[in-house]
file entry.txt (compact mmCIF, C-alpha atoms)
# COMPACT_ATOMS: atom_id res chain seq x y z
CA VAL K 830 79.78 91.27 73.82
CA CYS K 831 76.15 91.36 75.02
CA ASP K 832 76.39 91.07 78.79
CA GLY K 833 80.14 90.65 79.28
CA GLN K 834 79.75 87.53 81.43
CA LYS K 835 81.37 84.12 81.19
CA PRO K 836 78.92 81.17 81.47
CA VAL K 837 79.76 80.47 85.12
CA GLN K 838 79.34 84.14 86.06
CA ARG K 839 76.01 84.36 84.24
CA ARG K 840 74.80 81.22 86.00
CA ILE K 841 75.86 82.52 89.41
CA LEU K 842 74.00 85.83 88.85
CA TYR K 843 70.87 84.13 87.51
CA SER K 844 70.88 81.54 90.30
CA MET K 845 71.29 84.23 92.99
CA SER K 846 68.47 86.31 91.54
CA ARG K 847 66.20 83.22 91.54
CA MET K 848 67.18 82.54 95.17
CA GLY K 849 65.86 85.99 96.03
CA LEU K 850 69.26 87.48 96.86
CA GLY K 851 68.61 90.61 94.82
CA PHE K 852 69.30 94.11 96.02
CA GLY K 853 65.98 95.57 97.17
CA GLY K 854 65.10 97.01 93.80
CA ALA K 855 63.95 100.44 92.67
CA ASN K 856 60.68 100.26 94.64
CA GLY K 857 62.58 100.73 97.90
CA ALA K 858 62.22 97.16 99.17
CA THR K 859 64.87 96.21 101.70
CA PRO K 860 67.88 94.33 100.29
CA ALA K 861 67.90 90.59 100.87
CA ALA K 862 70.02 89.29 103.74
CA PRO K 863 73.20 87.60 102.49
CA VAL K 864 73.35 83.79 102.65
CA LYS K 865 76.30 81.41 102.98
CA SER K 866 78.32 81.19 99.75
CA ALA K 867 78.12 77.38 100.00
CA ARG K 868 74.34 77.61 99.42
CA VAL K 869 74.83 79.70 96.29
CA VAL K 870 77.57 77.39 94.97
CA GLY K 871 75.40 74.30 95.66
CA ASP K 872 72.47 75.83 93.79
CA VAL K 873 74.66 76.81 90.80
CA LEU K 874 76.26 73.35 90.58
CA GLY K 875 73.01 71.44 91.03
CA LYS K 876 70.95 73.40 88.53
CA TYR K 877 73.19 74.94 85.89
CA HIS K 878 76.94 74.29 86.12
CA PRO K 879 77.98 70.63 86.49
CA HIS K 880 81.65 71.29 87.30
CA GLY K 881 83.80 71.34 90.45
CA ASP K 882 82.76 73.54 93.35
CA THR K 883 86.08 75.45 93.30
CA ALA K 884 85.33 76.63 89.74
CA ALA K 885 82.06 78.21 90.87
CA TYR K 886 83.37 79.55 94.20
CA ASP K 887 86.48 81.12 92.65
CA ALA K 888 84.30 82.91 90.11
CA LEU K 889 81.97 84.12 92.90
CA VAL K 890 84.94 85.40 94.95
CA ARG K 891 86.37 87.33 92.02
CA MET K 892 83.00 88.98 91.36
CA ALA K 893 83.04 90.31 94.94
CA GLN K 894 86.58 91.77 94.92
CA ASP K 895 86.66 95.52 94.39
CA PHE K 896 90.35 95.32 93.39
CA SER K 897 89.63 92.72 90.67
CA GLN K 898 86.47 94.28 89.21
CA ARG K 899 85.78 97.95 88.59
CA TYR K 900 82.10 97.39 89.53
CA PRO K 901 81.81 94.26 91.74
CA LEU K 902 78.60 92.31 90.97
CA VAL K 903 78.48 90.44 94.28
CA ASP K 904 78.23 92.04 97.70
CA GLY K 905 80.35 89.76 99.89
CA GLN K 906 80.57 89.50 103.67
CA GLY K 907 83.64 87.95 105.24
CA ASN K 908 87.15 87.37 103.95
CA PHE K 909 87.13 87.54 100.14
CA GLY K 910 90.92 87.73 99.74
CA SER K 911 93.23 90.71 99.30
CA ARG K 912 95.42 92.44 96.71
CA ASP K 913 98.48 90.62 98.02
CA GLY K 914 97.22 87.32 96.71
CA ASP K 915 95.68 86.00 99.95
CA GLY K 916 92.87 83.58 99.11
CA ALA K 917 89.30 83.96 100.32
CA ALA K 918 87.98 82.02 103.32
CA ALA K 919 86.24 78.71 102.62
CA MET K 920 82.73 79.02 101.22
CA ARG K 921 81.18 77.79 104.47
CA TYR K 922 82.44 80.96 106.21
CA THR K 923 81.69 83.68 103.67
CA GLU K 924 78.29 85.12 102.76
CA ALA K 925 77.07 86.76 99.56
CA ARG K 926 74.20 88.60 97.91
CA LEU K 927 73.89 90.53 94.65
CA ALA K 928 75.27 94.06 94.46
CA ARG K 929 72.96 96.90 93.48
CA ILE K 930 74.53 97.30 90.01
CA THR K 931 73.29 93.82 88.99
CA GLN K 932 69.84 95.40 88.49
CA LEU K 933 71.31 96.67 85.21
CA LEU K 934 71.93 93.03 84.20
CA LEU K 935 68.89 91.24 85.60
CA SER K 936 65.94 93.61 85.97
CA GLU K 937 64.29 92.82 82.59
CA ILE K 938 64.96 89.09 82.49
CA ASP K 939 61.27 88.14 83.00
CA GLU K 940 60.02 90.44 80.25
CA GLY K 941 60.66 88.15 77.29
CA THR K 942 63.91 89.97 76.48
CA VAL K 943 66.28 86.99 76.13
CA ASP K 944 66.12 83.37 74.98
CA PHE K 945 66.07 80.64 77.59
CA VAL K 946 67.70 77.28 76.90
CA PRO K 947 67.36 73.98 78.82
CA ASN K 948 70.08 73.33 81.40
CA TYR K 949 72.37 70.27 81.28
CA ASP K 950 69.70 67.77 82.38
CA GLY K 951 66.74 69.49 80.76
CA ARG K 952 64.88 70.05 84.05
CA GLU K 953 65.52 73.77 84.38
CA GLU K 954 65.86 76.69 82.02
CA GLU K 955 68.74 79.17 81.98
CA PRO K 956 69.17 82.42 80.01
CA ARG K 957 71.40 82.36 76.96
CA GLN K 958 72.55 85.84 77.94
CA LEU K 959 71.40 88.54 80.34
CA PRO K 960 69.48 91.65 79.15
CA ALA K 961 72.32 94.00 80.10
CA ARG K 962 71.40 97.68 80.13
CA LEU K 963 75.08 98.69 79.72
CA PRO K 964 77.99 96.96 77.94
CA PHE K 965 79.49 95.13 80.95
CA ALA K 966 82.20 93.60 78.75
CA LEU K 967 83.82 97.06 78.83
CA LEU K 968 82.77 98.15 82.33
CA ASN K 969 84.32 95.24 84.22
CA GLY K 970 86.61 93.96 81.51
CA ALA K 971 87.58 90.30 81.24
CA SER K 972 90.68 88.21 80.99
CA GLY K 973 91.22 84.59 80.21
CA ILE K 974 92.50 81.94 77.87
CA ALA K 975 90.28 79.54 75.96
CA VAL K 976 90.98 77.08 73.14
CA GLY K 977 93.90 78.75 71.37
CA MET K 978 92.62 82.26 72.04
CA ALA K 979 93.24 84.77 74.79
CA THR K 980 91.38 87.90 75.83
CA GLU K 981 92.40 90.87 77.94
CA ILE K 982 89.70 93.54 78.10
CA PRO K 983 90.50 96.36 80.56
CA SER K 984 87.77 97.87 82.71
CA HIS K 985 86.30 101.28 81.89
CA ASN K 986 84.42 104.12 83.52
CA LEU K 987 80.65 103.67 83.47
CA ARG K 988 79.84 107.29 82.58
CA GLU K 989 82.32 107.42 79.70
CA ILE K 990 81.02 104.19 78.15
CA ALA K 991 77.38 105.28 78.59
CA ASP K 992 78.13 108.64 76.92
CA ALA K 993 79.85 106.83 74.03
CA CYS K 994 76.80 104.57 73.56
CA VAL K 995 74.43 107.56 73.56
CA ALA K 996 76.64 109.40 71.04
CA LEU K 997 76.77 106.34 68.75
CA ILE K 998 72.99 105.85 68.91
CA LYS K 999 72.35 109.53 68.13
CA GLY K 1000 75.12 109.99 65.59
CA GLY K 1001 74.82 106.67 63.77
CA GLY K 1002 77.81 106.16 61.48
CA LYS K 1003 78.65 109.87 61.50
CA LEU K 1004 80.54 109.82 64.82
CA SER K 1005 84.25 110.03 63.97
CA ASP K 1006 86.91 107.96 65.74
CA GLU K 1007 88.36 111.15 67.26
CA GLU K 1008 85.00 112.06 68.83
CA LEU K 1009 84.57 108.51 70.12
CA PHE K 1010 88.05 108.43 71.69
CA ALA K 1011 87.41 111.86 73.22
CA LEU K 1012 84.43 110.29 75.06
CA VAL K 1013 86.39 107.16 76.04
CA PRO K 1014 89.94 108.46 76.59
CA GLY K 1015 91.19 105.14 78.01
CA PRO K 1016 90.66 102.32 80.50
CA ASP K 1017 89.82 102.93 84.16
CA TYR K 1018 91.51 100.28 86.29
CA PRO K 1019 89.93 99.05 89.54
CA GLY K 1020 93.05 99.84 91.58
CA GLY K 1021 93.51 103.33 90.15
CA ALA K 1022 97.04 104.09 88.80
CA GLN K 1023 97.89 106.41 85.90
CA ILE K 1024 98.17 105.51 82.24
CA ILE K 1025 101.25 107.20 80.78
CA SER K 1026 100.97 105.91 77.20
CA PRO K 1027 100.38 108.66 74.62
CA ALA K 1028 96.78 109.15 73.51
CA ALA K 1029 97.74 107.96 69.99
CA ASP K 1030 98.76 104.53 71.39
CA ILE K 1031 95.49 104.15 73.28
CA ALA K 1032 93.50 105.19 70.19
CA GLU K 1033 95.45 102.69 68.06
CA ALA K 1034 94.72 99.89 70.56
CA TYR K 1035 91.01 100.78 70.47
CA ARG K 1036 91.05 100.97 66.66
CA THR K 1037 92.66 97.55 66.15
CA GLY K 1038 91.50 95.78 69.31
CA ARG K 1039 95.08 95.03 70.35
CA GLY K 1040 97.83 96.90 72.13
CA SER K 1041 99.75 97.49 75.31
CA LEU K 1042 99.58 100.43 77.72
CA LYS K 1043 102.18 101.66 80.16
CA VAL K 1044 100.64 102.04 83.62
CA ARG K 1045 102.37 103.74 86.53
CA ALA K 1046 101.65 103.86 90.27
CA ARG K 1047 100.46 107.08 91.89
CA TRP K 1048 102.46 108.52 94.77
CA LYS K 1049 102.75 111.60 96.92
CA VAL K 1050 105.65 113.15 98.81
CA GLU K 1051 105.07 113.45 102.57
CA ASP K 1052 107.20 116.04 104.38
CA LEU K 1053 108.51 115.03 107.79
CA ALA K 1054 110.24 116.98 110.56
CA ARG K 1055 113.66 118.65 110.01
CA GLY K 1056 113.39 118.77 106.21
CA GLN K 1057 113.10 114.98 105.84
CA TRP K 1058 110.61 113.49 103.37
CA GLN K 1059 109.25 110.13 102.23
CA ILE K 1060 107.45 108.84 99.14
CA VAL K 1061 104.05 107.18 99.75
CA VAL K 1062 102.56 105.04 96.97
CA ASN K 1063 98.76 104.74 97.23
CA GLU K 1064 97.70 103.30 93.85
CA LEU K 1065 99.34 100.39 92.03
CA PRO K 1066 99.11 99.22 88.39
CA PRO K 1067 96.70 96.32 87.66
CA GLY K 1068 98.04 92.93 88.71
CA VAL K 1069 100.69 94.44 91.02
CA SER K 1070 100.48 94.06 94.80
CA SER K 1071 102.44 95.67 97.65
CA GLN K 1072 103.84 92.21 98.40
CA LYS K 1073 105.21 91.90 94.86
CA VAL K 1074 106.98 95.29 95.03
CA LEU K 1075 108.53 94.42 98.42
CA GLU K 1076 109.75 91.07 97.08
CA GLU K 1077 111.30 92.77 94.02
CA ILE K 1078 113.17 95.28 96.19
CA GLU K 1079 114.39 92.46 98.47
CA GLU K 1080 115.60 90.56 95.41
CA LEU K 1081 117.45 93.58 93.98
CA THR K 1082 119.09 94.70 97.24
CA ASN K 1083 119.92 91.18 98.34
CA PRO K 1084 120.44 89.31 95.06
CA LYS K 1085 121.00 85.55 94.76
CA VAL K 1086 123.74 84.08 92.58
CA LYS K 1087 122.18 82.89 89.30
CA ALA K 1088 122.15 79.15 88.53
CA GLY K 1089 125.42 77.98 86.94
CA LYS K 1090 127.29 81.15 87.99
CA LYS K 1091 129.84 81.37 90.81
CA ALA K 1092 129.31 85.00 91.75
CA LEU K 1093 126.87 87.87 91.19
CA THR K 1094 126.87 89.30 87.66
CA THR K 1095 128.09 92.88 87.09
CA GLU K 1096 124.55 93.97 86.25
CA GLN K 1097 123.21 92.59 89.57
CA GLN K 1098 125.96 94.41 91.48
CA GLN K 1099 125.32 97.69 89.64
CA VAL K 1100 121.55 97.58 90.30
CA LYS K 1101 122.17 96.71 93.97
CA ALA K 1102 124.61 99.61 94.36
CA ALA K 1103 122.30 102.06 92.55
CA LEU K 1104 119.30 101.12 94.69
CA LEU K 1105 121.16 101.06 98.03
CA ALA K 1106 122.69 104.46 97.23
CA VAL K 1107 119.24 106.12 97.29
CA LEU K 1108 116.88 103.81 99.25
CA ASP K 1109 117.10 103.54 103.02
CA GLY K 1110 114.04 101.39 103.73
CA VAL K 1111 110.55 100.45 102.55
CA ARG K 1112 107.48 99.65 104.67
CA ASP K 1113 104.04 98.34 103.80
CA GLU K 1114 101.58 100.36 105.90
CA SER K 1115 98.43 99.15 104.11
CA SER K 1116 95.45 98.86 106.45
CA LYS K 1117 91.65 99.05 106.52
CA ASP K 1118 91.74 102.82 106.02
CA ALA K 1119 94.37 102.78 103.25
CA PRO K 1120 94.11 99.70 101.02
CA VAL K 1121 97.53 100.54 99.53
CA ARG K 1122 100.18 102.48 101.40
CA LEU K 1123 103.80 101.72 100.53
CA VAL K 1124 106.33 104.01 102.21
CA PHE K 1125 109.80 104.50 100.65
CA GLU K 1126 112.43 106.29 102.72
CA PRO K 1127 115.42 107.91 100.96
CA LYS K 1128 119.00 107.47 102.24
CA THR K 1129 119.22 111.20 102.74
CA SER K 1130 116.82 114.08 102.15
CA ARG K 1131 119.40 115.71 99.82
CA ILE K 1132 118.67 113.20 97.01
CA PRO K 1133 116.58 114.87 94.25
CA GLN K 1134 113.01 113.49 94.53
CA GLU K 1135 112.72 112.96 90.76
CA GLU K 1136 115.88 110.83 90.70
CA PHE K 1137 114.66 108.76 93.67
CA ILE K 1138 111.27 108.08 92.02
CA ALA K 1139 112.87 107.36 88.61
CA THR K 1140 115.13 104.71 90.18
CA LEU K 1141 112.14 103.00 91.85
CA LEU K 1142 109.99 103.11 88.71
CA SER K 1143 112.72 101.70 86.47
CA GLN K 1144 113.65 98.80 88.78
CA THR K 1145 110.26 97.60 90.11
CA SER K 1146 106.70 96.90 88.94
CA LEU K 1147 105.59 100.36 90.09
CA GLU K 1148 105.60 100.97 86.35
CA SER K 1149 104.39 98.04 84.26
CA SER K 1150 102.62 97.39 80.99
CA SER K 1151 99.02 96.27 80.73
CA PRO K 1152 97.89 94.40 77.60
CA ILE K 1153 94.71 95.05 75.61
CA ASN K 1154 93.20 92.30 73.45
CA LEU K 1155 89.52 92.85 72.69
CA THR K 1156 88.59 89.28 71.74
CA MET K 1157 85.05 88.20 72.59
CA VAL K 1158 82.12 86.16 71.34
CA GLY K 1159 80.09 88.41 69.03
CA LEU K 1160 76.38 88.42 68.20
CA ASP K 1161 76.99 85.71 65.60
CA GLY K 1162 78.44 83.39 68.26
CA LYS K 1163 81.98 83.54 66.87
CA PRO K 1164 84.98 84.67 68.94
CA VAL K 1165 86.62 87.57 67.09
CA GLN K 1166 88.99 90.42 67.95
CA LYS K 1167 86.97 93.63 67.62
CA SER K 1168 87.67 97.34 67.76
CA LEU K 1169 86.05 99.51 70.44
CA ARG K 1170 83.59 100.88 67.88
CA GLN K 1171 82.55 97.40 66.70
CA MET K 1172 82.03 96.30 70.29
CA LEU K 1173 79.79 99.24 71.09
CA GLU K 1174 77.85 98.95 67.82
CA GLU K 1175 77.22 95.23 68.33
CA TRP K 1176 76.10 95.87 71.89
CA ILE K 1177 73.74 98.62 70.67
CA ALA K 1178 72.26 96.18 68.11
CA PHE K 1179 71.73 93.62 70.92
CA ARG K 1180 70.18 96.26 73.16
CA THR K 1181 67.84 97.46 70.40
CA THR K 1182 66.54 93.89 69.93
CA THR K 1183 66.17 93.55 73.71
CA VAL K 1184 64.11 96.74 73.98
CA GLU K 1185 61.93 95.64 71.04
CA ARG K 1186 61.31 92.28 72.70
CA ARG K 1187 60.57 93.95 76.03
CA SER K 1188 58.05 96.31 74.40
CA ARG K 1189 56.42 93.43 72.50
CA HIS K 1190 56.14 91.42 75.72
CA ARG K 1191 54.50 94.37 77.52
CA LEU K 1192 52.15 94.95 74.58
CA ASP K 1193 51.12 91.28 74.56
CA LYS K 1194 50.34 91.46 78.29
CA VAL K 1195 48.20 94.56 77.72
CA ASN K 1196 46.41 92.90 74.78
CA ASP K 1197 45.65 89.80 76.86
CA ARG K 1198 44.18 92.04 79.58
CA ILE K 1199 42.12 94.01 77.00
CA HIS K 1200 40.79 90.71 75.61
CA ILE K 1201 39.49 89.69 79.06
CA LEU K 1202 38.02 93.14 79.75
CA GLU K 1203 36.21 93.18 76.36
CA GLY K 1204 34.63 89.83 77.26
CA ARG K 1205 33.47 91.17 80.62
CA GLN K 1206 32.08 94.30 78.98
CA LEU K 1207 30.09 92.13 76.55
CA VAL K 1208 28.61 90.16 79.46
CA LEU K 1209 27.68 93.35 81.36
CA LEU K 1210 25.94 94.91 78.33
CA ASN K 1211 23.88 91.76 77.73
CA ILE K 1212 23.40 90.69 81.33
CA ASP K 1213 19.72 89.60 81.01
CA GLU K 1214 20.46 87.41 78.01
CA VAL K 1215 23.46 85.85 79.77
CA ILE K 1216 21.35 85.02 82.87
CA ALA K 1217 18.63 83.52 80.68
CA ILE K 1218 21.16 81.34 78.83
CA ILE K 1219 22.73 80.15 82.09
CA ARG K 1220 19.33 79.33 83.66
CA ALA K 1221 18.10 77.41 80.65
CA ALA K 1222 21.32 75.59 79.89
CA GLU K 1223 21.89 71.90 80.61
CA ASP K 1224 25.60 72.57 81.24
CA PRO K 1225 25.79 76.20 82.44
CA LYS K 1226 29.51 76.17 83.15
CA ALA K 1227 30.45 75.62 79.50
call {"tool": "encode", "arguments": {"input": "entry.txt", "output": "structure tokens"}}
result
Amino acid sequence: VCDGQKPVQRRILYSMSRMGLGFGGANGATPAAPVKSARVVGDVLGKYHPHGDTAAYDALVRMAQDFSQRYPLVDGQGNFGSRDGDGAAAMRYTEARLARITQLLLSEIDEGTVDFVPNYDGREEEPRQLPARLPFALLNGASGIAVGMATEIPSHNLREIADACVALIKGGGKLSDEELFALVPGPDYPGGAQIISPAADIAEAYRTGRGSLKVRARWKVEDLARGQWQIVVNELPPGVSSQKVLEEIEELTNPKVKAGKKALTTEQQQVKAALLAVLDGVRDESSKDAPVRLVFEPKTSRIPQEEFIATLLSQTSLESSSPINLTMVGLDGKPVQKSLRQMLEEWIAFRTTTVERRSRHRLDKVNDRIHILEGRQLVLLNIDEVIAIIRAAEDPKA
């Protein structure tokens, strides 16, 4: 709940910042040049994460994919995979450095803000968590399965979450649920798409920490010559790729006989007939300029557009459900399912402690400096006496 990172992600970020792969910084320094991912992975494995190299590299790749994370933490160069499930190039080909947003996670790490613990062999130190200046558990979300528990935290818009934190800090316990959900109306998925669940469902999911949202692709109608038209889909629900939609359509229009059956079932034949009656063809025109561009051509331009879209939505993953399960390790170190309010309040408590520790660290530095300056002032005011002592002393240095 503090920094929203899994141990391997935290270790990658910390290791990269120690390797000097940070993003320039606020003082206008130039960003570091990216280095081979293999160097980063080697450093992470050798110092902090004694596991297989694929575990570390897969985590690094995911942190660089703008379709997996709402705010990618790694700035990658080279082939880092695609929406359609293509894997990234091997780590000897790709290069990486930290993205600018990681300043929010790492900038105060040397100011006594977080506890450091020994690494696996006791030779190095690693942070127990990062001094995050925003609740990254909600910004980038998380998904995964651990020992008998699963989590599925959707990503959110940075401004909305920041506003909610400010409102909670100012309003204390007085901020009502309605006001909170007005500030955070719902998730904000990396690939876009529209959430069509009623606001009450989203609020209920946030209140209990569990729920499911209906997410639908975004499309537009493009008019062609002679009154023809086509539907172009340019945003897909989370976890859906153009490839998947094409495969589903292929399966529906050209169905296989189910195992143990001799012929197609009535349902398969009906769906095939319904789809072929309205759909003439589908093309994937995704490219560098348009990350998602799926073109659906109707059989004839006389088909009502609403009917055409409804058929596509009901038969394919263009409309799918996205789960919410806000389970995470809290401040007490226990994994618990929390509501949105609990998450934000726990993060605010963590942040308050961090700011206190940062201020104390800065104060201690100033006090140490004052101590030295007071000593120098004392020497200057009594310079003759000091010289006399030094001249007469057996051991002047002491």
call {"tool": "atom_distance", "arguments": {"input": "entry.txt", "atom1": "CA of Lys999 in chain K", "atom2": "CA of Met1157 in chain K"}}
result
25.2 Å
call {"tool": "residues_near_point", "arguments": {"input": "entry.txt", "point": "(120.7, 108.0, 97.4)", "cutoff": "12 Å", "atoms": "all atoms listed in the file", "output": "PyMOL selection string"}}
result
chain K and resi 1101-1110+1125-1141
call {"tool": "closest_residue", "arguments": {"input": "entry.txt", "among": "K:Ala1221, K:Leu1202, K:Ile1153, K:Val1074", "to": "Gly973 in chain K", "atoms": "all atoms listed in the file"}}
result
K:Ile1153
call {"tool": "closest_residue", "arguments": {"input": "entry.txt", "among": "K:Ile1078, K:Pro983, K:Ile998, K:Glu989", "to": "Gly1040 in chain K", "atoms": "only C-alpha atoms"}}
result
K:Pro983
call {"tool": "closest_residue", "arguments": {"input": "entry.txt", "among": "K:Pro960, K:Gly1204, K:Gly916, K:Gly951", "to": "Leu933 in chain K", "atoms": "all atoms listed in the file"}}
result
K:Pro960
call {"tool": "closest_residue", "arguments": {"input": "entry.txt", "among": "K:Pro863, K:Gly871, K:Gly1159, K:Gly941", "to": "Lys1194 in chain K", "atoms": "only C-alpha atoms"}}
result
K:Gly941
call {"tool": "closest_atom_pairs", "arguments": {"input": "entry.txt", "of": "range 987-1046 of chain K", "to": "range 1175-1191 of chain K", "cutoff": "10 Å", "atoms": "all atoms listed in the file", "output": "Markdown table"}}
result
| residue | atom | partner | partner_atom | distance |
| --- | --- | --- | --- | --- |
| K:Cys994 | CA | K:Ile1177 | CA | 7.3 |
| K:Val995 | CA | K:Ile1177 | CA | 9.4 |
| K:Leu997 | CA | K:Ile1177 | CA | 8.5 |
| K:Ile998 | CA | K:Ile1177 | CA | 7.5 |
call {"tool": "closest_residue", "arguments": {"input": "entry.txt", "among": "K:Gly907, K:Gly1020, K:Gly977, K:Gly914", "to": "Val1121 in chain K", "atoms": "all atoms listed in the file"}}
result
K:Gly1020
call {"tool": "decode", "arguments": {"input": "entry.txt", "residues": "range 1036-1047 of chain K", "atoms": "N, CA and C atoms", "output": "JSON list (two decimals), in the first residue's frame"}}
result
[["chain", "number", "residue", "atom", "x", "y", "z"],
["K", 1036, "ARG", "N", -16.11, 0.54, -2.11],
["K", 1036, "ARG", "CA", -16.48, 0.51, -0.69],
["K", 1036, "ARG", "C", -16.06, -0.82, -0.05],
["K", 1037, "THR", "N", -16.20, -1.92, -0.82],
["K", 1037, "THR", "CA", -15.92, -3.25, -0.25],
["K", 1037, "THR", "C", -14.53, -3.75, -0.63],
["K", 1038, "GLY", "N", -13.94, -3.17, -1.69],
["K", 1038, "GLY", "CA", -12.65, -3.67, -2.14],
["K", 1038, "GLY", "C", -12.77, -4.83, -3.09],
["K", 1039, "ARG", "N", -13.99, -5.12, -3.55],
["K", 1039, "ARG", "CA", -14.18, -6.25, -4.48],
["K", 1039, "ARG", "C", -15.32, -5.96, -5.43],
["K", 1040, "GLY", "N", -15.17, -6.36, -6.68],
["K", 1040, "GLY", "CA", -16.26, -6.15, -7.62],
["K", 1040, "GLY", "C", -15.82, -6.47, -9.03],
["K", 1041, "SER", "N", -16.71, -6.18, -9.97],
["K", 1041, "SER", "CA", -16.39, -6.45, -11.37],
["K", 1041, "SER", "C", -17.01, -5.35, -12.22],
["K", 1042, "LEU", "N", -16.25, -4.82, -13.17],
["K", 1042, "LEU", "CA", -16.76, -3.73, -14.00],
["K", 1042, "LEU", "C", -16.89, -4.20, -15.44],
["K", 1043, "LYS", "N", -17.92, -3.72, -16.10],
["K", 1043, "LYS", "CA", -18.07, -4.00, -17.53],
["K", 1043, "LYS", "C", -17.31, -2.93, -18.31],
["K", 1044, "VAL", "N", -16.39, -3.38, -19.17],
["K", 1044, "VAL", "CA", -15.59, -2.43, -19.95],
["K", 1044, "VAL", "C", -15.82, -2.70, -21.44],
["K", 1045, "ARG", "N", -15.98, -1.62, -22.20],
["K", 1045, "ARG", "CA", -16.34, -1.76, -23.61],
["K", 1045, "ARG", "C", -15.34, -0.98, -24.47],
["K", 1046, "ALA", "N", -15.06, -1.53, -25.65],
["K", 1046, "ALA", "CA", -14.14, -0.85, -26.58],
["K", 1046, "ALA", "C", -14.73, 0.48, -27.03],
["K", 1047, "ARG", "N", -13.87, 1.36, -27.52],
["K", 1047, "ARG", "CA", -14.34, 2.61, -28.14],
["K", 1047, "ARG", "C", -14.21, 2.49, -29.65]]
